[in-house]
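Colleague: Have a look at the structure that comes next, please.
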Amino acid sequence: MQFKALVRPEHLNQHGSLFGGYMLLWVDEYAYIAALEDYPRGRFVTRGMEAAEFSRRVECGALLTFEVTRIRTGNSSVTYQVEVKARNIADTYERQVFRTCVTLCAVDEDGKKTSLPGD
């Protein structure tokens, strides 16, 4: 599943590049959306995120592409790998800038862990 985001001035840190917190917010949100697409009747919370690898600086105006791939499914949880590439406006190629895995856990109405919903 693929998502896009545009880095705007309000996303920048004091050094003029993307603030890492926005990247983590988008990654968490897009993994959650992927889980809802895969399990439309599900209710999920983020259980954890593996080591986040920021490999390159991201400038204002960059177009980010988030590639979200399901890599593991358990009884009550699902894990997605999220790879992020950035393309600056003046460039014609993308460079990988971030990578992590996000695990989401299925919960019931009371917030207690439950099995992943079936079809």
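Here's how to read the names in the structure tokens: chain A, B, ... by the order shown, residue numbers from 1 in each chain, ligand numbers from 1 in the order shown.
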Mind checking DSSP for chain A and telling me the strand (DSSP E or B) residues as number ranges by chain?
Modeller: A: 2-6, 12, 17-18, 44-49, 53-54, 59, 63-73, 77-87, 95-107, 113
Colleague: Could I get the residues of segment 31-54 of chain A with an atom no further than 10 Å from an atom of segment 70-81 of chain A, each paired with its nearest atom pair and that distance in Å to one decimal, using only C-alpha atoms, sorted by chain and residue number, as a tab-separated table?
Modeller:
```
residue	atom	partner	partner_atom	distance
A:Ala31	CA	A:Tyr80	CA	6.4
A:Tyr32	CA	A:Tyr80	CA	9.2
A:Ala34	CA	A:Tyr80	CA	8.2
A:Ala35	CA	A:Val78	CA	7.6
A:Asp38	CA	A:Arg70	CA	9.1
A:Phe44	CA	A:Ser77	CA	8.7
A:Val45	CA	A:Ser77	CA	9.5
A:Thr46	CA	A:Ser77	CA	9.5
A:Arg47	CA	A:Ser77	CA	8.4
A:Gly48	CA	A:Thr79	CA	9.2
A:Met49	CA	A:Thr79	CA	9.2
A:Glu50	CA	A:Gln81	CA	9.5
```
Colleague: Counting only C-alpha atoms, which residue out of A:Lys4, A:His15, A:Arg57, A:Arg41 sits closest to Arg95 of chain A?
Modeller: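 Closest to Arg95 of chain A of all the choices is A:Arg57.
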Colleague: So which residues touch Phe54 of chain A within 9 Å, counting only C-alpha atoms, skipping near sequence neighbours fewer than 6 positions away, as a list in words?
Modeller: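 Residues meeting the cut-off are Gly20, Val97, Phe98 and Arg99 of chain A.
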Colleague: Just the alpha helix (DSSP H) stuff from chain A, please, per backbone DSSP, written as a ChimeraX atom specification.
Modeller: /A:20-38
Colleague: May I have the selected residues written with N, CA and C atoms, as a short mmCIF file (atom, residue, chain, number, x, y, z; two decimals), in the first residue's frame?
Modeller:
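Heads up, here's the output in result.cif:
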```cif
data_model
loop_
_atom_site.label_atom_id
_atom_site.label_comp_id
_atom_site.auth_asym_id
_atom_site.auth_seq_id
_atom_site.Cartn_x
_atom_site.Cartn_y
_atom_site.Cartn_z
N GLY A 20 11.75 14.83 12.97
CA GLY A 20 11.52 13.39 13.01
C GLY A 20 10.17 12.98 13.57
N GLY A 21 9.62 13.80 14.46
CA GLY A 21 8.32 13.47 15.03
C GLY A 21 7.21 13.40 13.99
N TYR A 22 7.31 14.24 12.96
CA TYR A 22 6.30 14.18 11.89
C TYR A 22 6.44 12.88 11.10
N MET A 23 7.67 12.47 10.86
CA MET A 23 7.88 11.20 10.15
C MET A 23 7.25 10.06 10.94
N LEU A 24 7.49 10.03 12.26
CA LEU A 24 6.94 8.97 13.09
C LEU A 24 5.42 9.02 13.13
N LEU A 25 4.86 10.21 13.16
CA LEU A 25 3.40 10.36 13.13
C LEU A 25 2.82 9.77 11.85
N TRP A 26 3.41 10.14 10.70
CA TRP A 26 2.91 9.64 9.42
C TRP A 26 3.06 8.12 9.33
N VAL A 27 4.20 7.60 9.76
CA VAL A 27 4.43 6.16 9.70
C VAL A 27 3.39 5.42 10.54
N ASP A 28 3.14 5.89 11.75
CA ASP A 28 2.15 5.26 12.61
C ASP A 28 0.75 5.34 12.00
N GLU A 29 0.40 6.51 11.48
CA GLU A 29 -0.92 6.69 10.88
C GLU A 29 -1.11 5.80 9.65
N TYR A 30 -0.12 5.73 8.78
CA TYR A 30 -0.26 4.95 7.56
C TYR A 30 -0.25 3.45 7.84
N ALA A 31 0.49 3.00 8.84
CA ALA A 31 0.43 1.58 9.23
C ALA A 31 -0.97 1.26 9.77
N TYR A 32 -1.53 2.18 10.55
CA TYR A 32 -2.88 2.00 11.08
C TYR A 32 -3.91 1.93 9.94
N ILE A 33 -3.80 2.81 8.98
CA ILE A 33 -4.71 2.79 7.83
C ILE A 33 -4.57 1.48 7.06
N ALA A 34 -3.34 1.00 6.89
CA ALA A 34 -3.12 -0.28 6.20
C ALA A 34 -3.83 -1.41 6.94
N ALA A 35 -3.73 -1.39 8.28
CA ALA A 35 -4.42 -2.43 9.07
C ALA A 35 -5.93 -2.34 8.89
N LEU A 36 -6.47 -1.13 8.85
CA LEU A 36 -7.92 -0.98 8.64
C LEU A 36 -8.33 -1.44 7.24
N GLU A 37 -7.47 -1.24 6.27
CA GLU A 37 -7.75 -1.73 4.92
C GLU A 37 -7.71 -3.26 4.88
N ASP A 38 -6.74 -3.85 5.57
CA ASP A 38 -6.62 -5.31 5.59
C ASP A 38 -7.68 -5.97 6.46
#
```
Colleague: Between A:Gln96, A:Phe19, A:Phe3, A:Arg56, which one has atoms that come closest to Thr69 of chain A, using only C-alpha atoms?
Modeller: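 Once distances to Thr69 of chain A are computed over only C-alpha atoms, the minimum belongs to A:Phe3.
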Colleague: Between A:Gly16, A:Arg43, A:Thr65, A:Ala5, which has the minimum distance to Lys112 of chain A (counting only C-alpha atoms)?
Modeller: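 Checking each of A:Gly16, A:Arg43, A:Thr65, A:Ala5 against Lys112 of chain A, counting only C-alpha atoms, the winner is A:Arg43.
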Colleague: Give me the residues within 12 Å of Asp91 of chain A as an MDAnalysis selection string, counting only C-alpha atoms and dropping any in the same chain fewer than 5 places off.
Modeller: chainID A and resid 61:63 86
Colleague: Write to file, as a compact mmCIF listing (two decimals), in the first residue's frame, the residues of the selection just made, with C-alpha atoms.
Modeller:
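Output file part12.txt is given in full below:
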```txt
# COMPACT_ATOMS: atom_id res chain seq x y z
CA GLY A 61 9.10 20.72 -0.42
CA ALA A 62 10.13 17.06 -0.64
CA LEU A 63 7.47 14.61 -1.74
CA ALA A 86 11.89 11.33 -0.69
```
